[in-house]
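Have a look at the structure below, then the notes.
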Amino acid sequence: MGAKLSRHELSTRHYTSMHKWKELEIRLHKNETIDKEIHEQIKREKEYWKQVLIRIVAVIRTLAKNNLAFRGTNDKVGVANNGNFLSFIEMIAEFDLVMQEHLRRIKNHEVYHHYLGPSIQNELIALLARHVKDKIVQKIQEAKYFSVILDCTPDISNEEQMSLVIRCVDVSTSSTKVEEYFLGFVKVDDSTGRGLFNKLEELLQNLNLDIRNVRGQGYDNGANMTGKNKGVQKRLLKKHVKGLTVKPLSDTRWESHIEAIKAIRFQAPEIRDALIELSTSADFDAKTRGTAYSILTREIDNFEIILGMVVWHRALLAVNSVSIKLQTEDMNLDDAVTKLKDLVSFFKDYRRNGFEGALEEAKILATSMNIEPIFL
């Protein structure tokens with residue numbers, strides 16, 4: 001094999017191939033290959049269609065922004081009554097060389113797909129609408145909390161349509177302000193309170209919006225919207241409160257204690273908002289409102305309770321961690337003793353140095369809930 005390779009390296013065929021390869025490599029680097037002109041032509045054609053689409057999108061955006069009709073009785077270029085879209089294209093062609101060339105190609109039948117027909121108009125409108133909706137949803141997510149405004153009405157074909165408007169604080173600008181955003185109509189098959197609520201929940205889920213962040217509701221006066229017991233308003237309030245339900249304790253498992261404390265520790269602002277809603281809403285009876293008000297004023301709005309909750313959460317977290325490890329199948333006695341000693345050391349250190357950190361954490365939590373961080 002070595003002898004054959006040596007003979008090949010000295011052969012005329014090898015020298016000729018190497019020469020052609022190096023020559024091609026140099027031409028590729030200098031962009032001087034035989035298909036150079038074809039590549040340049042492809043590049044020019046790509047840039048041409050890019051410029052055409054930029055102008056088409058600009059016309060579609062202008063018509064849509066001003067709520068103007070797109071099409072007339074005819075959909076051909078250069079024909080009377082062909083609508084606003086084609087008329088704007090023809091007007092641009094009077095001053096723009098790119099659009100002049102495009103209409104010339106269409107007139108001379110040099111192109112078949114000219115991107116001026118109804119289908120591409122509808123497709124571009126849908127793409128622009130999707131982009132606008134994504135921007136609106138992003139603003140709502142940045143604001144976090146929002147209100148929903150719903151209204152139902154039958155269309156010309158007697159199909160029930162529900163409109164969705166969301167109101168939130170626009171924090172994307174330097175001066176914050178309240179904005180309302182219309183997010184479209186949706187066909188409703190079930191116009192009962194349950195059906196409308198399920199449709200609203202589905203819409204918010206598709207928009208990646210958490211229904212538990214709804215802080216206000218606006219409806220018409222229909223019973224299926226504002227009904228005291230089965231309307232959308234009542235169901236949404238129940239859903240909001242239900243999502244904040246704390247977990248019961250168990251007498252035998254540490255995991256239940258830490259989960260119960262964690263539910264309150266990290267949802268305290270939401271629980272407080274829910275209790276305020278329960279204590280002030282006329283949708284609930286006097287007993288429910290009284291109980292909610294008592295819990296709110298005596299427990300949640302008490303800084304001592306908040307500090308105790310922070311301390312308990314940290315202590316139970318440490319205990320639960322050791323408890324879980326002690327229950328593993330491969331835990332031996334030496335490791336168990338070590339874990340228990342570490343837990344004792346943690347509590348000794350926390351007793352000496354943990355209060356300041358817990359107090360600062362409790363103050364931050366109380367401030368976020370508009371509660372004065374002082375001991376009564």
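Chain lettering (A, B, ...) mirrors the order of the structure tokens, residue numbering begins at 1 for each chain separately, and ligand numbering begins at 1 in order of display.
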
For range 135-141 of chain A: contacts at 8 Å, only C-alpha atoms, fewer than 6 positions along chain excluded, given as a PyMOL selection string: chain A and resi 168-172+181+207+209

Residues of range 123-175 of chain A in strand (DSSP E or B), written as an MDAnalysis selection string: chainID A and resid 146:154 160:170

Deliver the residues from the most recent selection as a file, using N, CA and C atoms, as an mmCIF file, in the first residue's frame.
data_model
loop_
_atom_site.group_PDB
_atom_site.id
_atom_site.type_symbol
_atom_site.label_atom_id
_atom_site.label_comp_id
_atom_site.auth_asym_id
_atom_site.auth_seq_id
_atom_site.Cartn_x
_atom_site.Cartn_y
_atom_site.Cartn_z
ATOM 1 N N PHE A 146 -55.048 41.532 36.292
ATOM 2 C CA PHE A 146 -55.867 42.123 35.238
ATOM 3 C C PHE A 146 -57.343 41.894 35.531
ATOM 4 N N SER A 147 -58.177 42.602 34.789
ATOM 5 C CA SER A 147 -59.624 42.438 34.875
ATOM 6 C C SER A 147 -60.147 41.921 33.544
ATOM 7 N N VAL A 148 -61.253 41.180 33.598
ATOM 8 C CA VAL A 148 -61.871 40.668 32.376
ATOM 9 C C VAL A 148 -63.234 41.331 32.187
ATOM 10 N N ILE A 149 -63.540 41.660 30.949
ATOM 11 C CA ILE A 149 -64.833 42.238 30.586
ATOM 12 C C ILE A 149 -65.422 41.353 29.492
ATOM 13 N N LEU A 150 -66.553 40.733 29.777
ATOM 14 C CA LEU A 150 -67.181 39.797 28.850
ATOM 15 C C LEU A 150 -68.560 40.313 28.430
ATOM 16 N N ASP A 151 -68.927 39.978 27.203
ATOM 17 C CA ASP A 151 -70.265 40.301 26.731
ATOM 18 C C ASP A 151 -70.644 39.280 25.670
ATOM 19 N N CYS A 152 -71.882 38.841 25.685
ATOM 20 C CA CYS A 152 -72.370 37.857 24.721
ATOM 21 C C CYS A 152 -73.489 38.472 23.878
ATOM 22 N N THR A 153 -73.471 38.168 22.596
ATOM 23 C CA THR A 153 -74.536 38.631 21.703
ATOM 24 C C THR A 153 -74.572 37.720 20.487
ATOM 25 N N PRO A 154 -75.745 37.438 19.930
ATOM 26 C CA PRO A 154 -75.814 36.596 18.729
ATOM 27 C C PRO A 154 -75.429 37.391 17.487
ATOM 28 N N GLU A 160 -74.191 32.399 19.027
ATOM 29 C CA GLU A 160 -73.818 33.189 20.193
ATOM 30 C C GLU A 160 -72.319 33.471 20.163
ATOM 31 N N GLN A 161 -71.948 34.750 20.256
ATOM 32 C CA GLN A 161 -70.550 35.165 20.235
ATOM 33 C C GLN A 161 -70.215 35.876 21.543
ATOM 34 N N MET A 162 -69.080 35.533 22.128
ATOM 35 C CA MET A 162 -68.622 36.178 23.366
ATOM 36 C C MET A 162 -67.371 36.997 23.071
ATOM 37 N N SER A 163 -67.388 38.264 23.452
ATOM 38 C CA SER A 163 -66.223 39.135 23.281
ATOM 39 C C SER A 163 -65.418 39.143 24.575
ATOM 40 N N LEU A 164 -64.102 39.224 24.424
ATOM 41 C CA LEU A 164 -63.202 39.250 25.581
ATOM 42 C C LEU A 164 -62.364 40.514 25.533
ATOM 43 N N VAL A 165 -62.483 41.329 26.574
ATOM 44 C CA VAL A 165 -61.669 42.529 26.745
ATOM 45 C C VAL A 165 -60.937 42.407 28.079
ATOM 46 N N ILE A 166 -59.650 42.703 28.070
ATOM 47 C CA ILE A 166 -58.850 42.626 29.292
ATOM 48 C C ILE A 166 -58.331 44.024 29.628
ATOM 49 N N ARG A 167 -58.487 44.380 30.886
ATOM 50 C CA ARG A 167 -58.014 45.681 31.376
ATOM 51 C C ARG A 167 -56.868 45.434 32.349
ATOM 52 N N CYS A 168 -55.776 46.174 32.155
ATOM 53 C CA CYS A 168 -54.618 46.032 33.038
ATOM 54 C C CYS A 168 -53.834 47.337 33.051
ATOM 55 N N VAL A 169 -52.831 47.382 33.904
ATOM 56 C CA VAL A 169 -51.945 48.541 33.964
ATOM 57 C C VAL A 169 -50.783 48.309 33.012
ATOM 58 N N ASP A 170 -50.597 49.215 32.070
ATOM 59 C CA ASP A 170 -49.495 49.109 31.115
ATOM 60 C C ASP A 170 -48.228 49.644 31.773
#

Taking only C-alpha atoms into account, which of A:Leu326, A:Met331, A:Val79, A:Ile276 comes nearest Met369 in chain A?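 Result for the nearest residue to Met369 in chain A: A:Ile276.
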
Suppose you want the space between CA of Ser345 in chain A and CA of Arg314 in chain A; what is it in Å?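 Here the two named atoms are 14.3 Å from each other.
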
As an exercise, work out the distance from CA of Gly83 in chain A to CA of Gly117 in chain A in Å and give it to one decimal place. 11.5 Å

Non-local contacts of Gln51 in chain A (12 Å; only C-alpha atoms; under 4 positions in same chain excluded) as a ChimeraX atom specification: /A:44-47,55-58,96-102

Could the residues in this selection be written to a file with N, CA, C and O atoms, as a JSON list (two decimals), in the first residue's frame?
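Heads up, here's the output in part.json:
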[["chain", "number", "residue", "atom", "x", "y", "z"],
["A", 44, "ARG", "N", -30.10, 39.09, -6.18],
["A", 44, "ARG", "CA", -30.89, 40.27, -6.58],
["A", 44, "ARG", "C", -32.39, 39.95, -6.54],
["A", 44, "ARG", "O", -33.20, 40.78, -6.13],
["A", 45, "GLU", "N", -32.74, 38.74, -6.94],
["A", 45, "GLU", "CA", -34.15, 38.36, -6.96],
["A", 45, "GLU", "C", -34.70, 38.24, -5.54],
["A", 45, "GLU", "O", -35.84, 38.65, -5.26],
["A", 46, "LYS", "N", -33.92, 37.71, -4.62],
["A", 46, "LYS", "CA", -34.35, 37.63, -3.23],
["A", 46, "LYS", "C", -34.58, 39.02, -2.64],
["A", 46, "LYS", "O", -35.57, 39.27, -1.95],
["A", 47, "GLU", "N", -33.65, 39.93, -2.91],
["A", 47, "GLU", "CA", -33.79, 41.29, -2.41],
["A", 47, "GLU", "C", -35.00, 41.99, -3.03],
["A", 47, "GLU", "O", -35.71, 42.74, -2.35],
["A", 55, "ARG", "N", -43.41, 46.49, 1.09],
["A", 55, "ARG", "CA", -44.42, 47.46, 0.66],
["A", 55, "ARG", "C", -45.84, 46.91, 0.80],
["A", 55, "ARG", "O", -46.76, 47.64, 1.19],
["A", 56, "ILE", "N", -46.01, 45.63, 0.51],
["A", 56, "ILE", "CA", -47.33, 45.01, 0.64],
["A", 56, "ILE", "C", -47.77, 45.01, 2.11],
["A", 56, "ILE", "O", -48.90, 45.35, 2.44],
["A", 57, "VAL", "N", -46.84, 44.63, 3.01],
["A", 57, "VAL", "CA", -47.16, 44.60, 4.44],
["A", 57, "VAL", "C", -47.48, 46.00, 4.94],
["A", 57, "VAL", "O", -48.39, 46.20, 5.76],
["A", 58, "ALA", "N", -46.76, 47.01, 4.45],
["A", 58, "ALA", "CA", -47.01, 48.39, 4.87],
["A", 58, "ALA", "C", -48.42, 48.83, 4.48],
["A", 58, "ALA", "O", -49.12, 49.48, 5.26],
["A", 96, "ASP", "N", -42.56, 54.72, -6.90],
["A", 96, "ASP", "CA", -41.59, 53.74, -6.39],
["A", 96, "ASP", "C", -41.16, 52.81, -7.51],
["A", 96, "ASP", "O", -41.99, 52.16, -8.17],
["A", 97, "LEU", "N", -39.84, 52.70, -7.72],
["A", 97, "LEU", "CA", -39.32, 51.88, -8.83],
["A", 97, "LEU", "C", -39.54, 50.39, -8.59],
["A", 97, "LEU", "O", -39.77, 49.64, -9.55],
["A", 98, "VAL", "N", -39.46, 49.96, -7.34],
["A", 98, "VAL", "CA", -39.65, 48.54, -7.03],
["A", 98, "VAL", "C", -41.06, 48.11, -7.41],
["A", 98, "VAL", "O", -41.27, 47.08, -8.07],
["A", 99, "MET", "N", -42.07, 48.87, -7.00],
["A", 99, "MET", "CA", -43.45, 48.51, -7.31],
["A", 99, "MET", "C", -43.76, 48.70, -8.79],
["A", 99, "MET", "O", -44.58, 47.96, -9.35],
["A", 100, "GLN", "N", -43.10, 49.67, -9.43],
["A", 100, "GLN", "CA", -43.26, 49.82, -10.88],
["A", 100, "GLN", "C", -42.80, 48.55, -11.61],
["A", 100, "GLN", "O", -43.48, 48.05, -12.51],
["A", 101, "GLU", "N", -41.64, 48.03, -11.20],
["A", 101, "GLU", "CA", -41.12, 46.81, -11.81],
["A", 101, "GLU", "C", -42.04, 45.62, -11.53],
["A", 101, "GLU", "O", -42.26, 44.78, -12.41],
["A", 102, "HIS", "N", -42.61, 45.58, -10.32],
["A", 102, "HIS", "CA", -43.49, 44.48, -9.98],
["A", 102, "HIS", "C", -44.76, 44.49, -10.83],
["A", 102, "HIS", "O", -45.17, 43.44, -11.37]]

Report, in Å with one decimal, the straight-line distance from CA of Asp189 in chain A to CA of Glu159 in chain A.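 According to the coordinates, CA of Asp189 in chain A and CA of Glu159 in chain A are separated by 8.2 Å.
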
Might you pull out every residue within 8 Å of Pro269 in chain A, with only C-alpha atoms counted and same-chain residues fewer than 3 positions away left off, and present them as JSON, numbers by chain? {"A": [272, 273, 368, 369]}
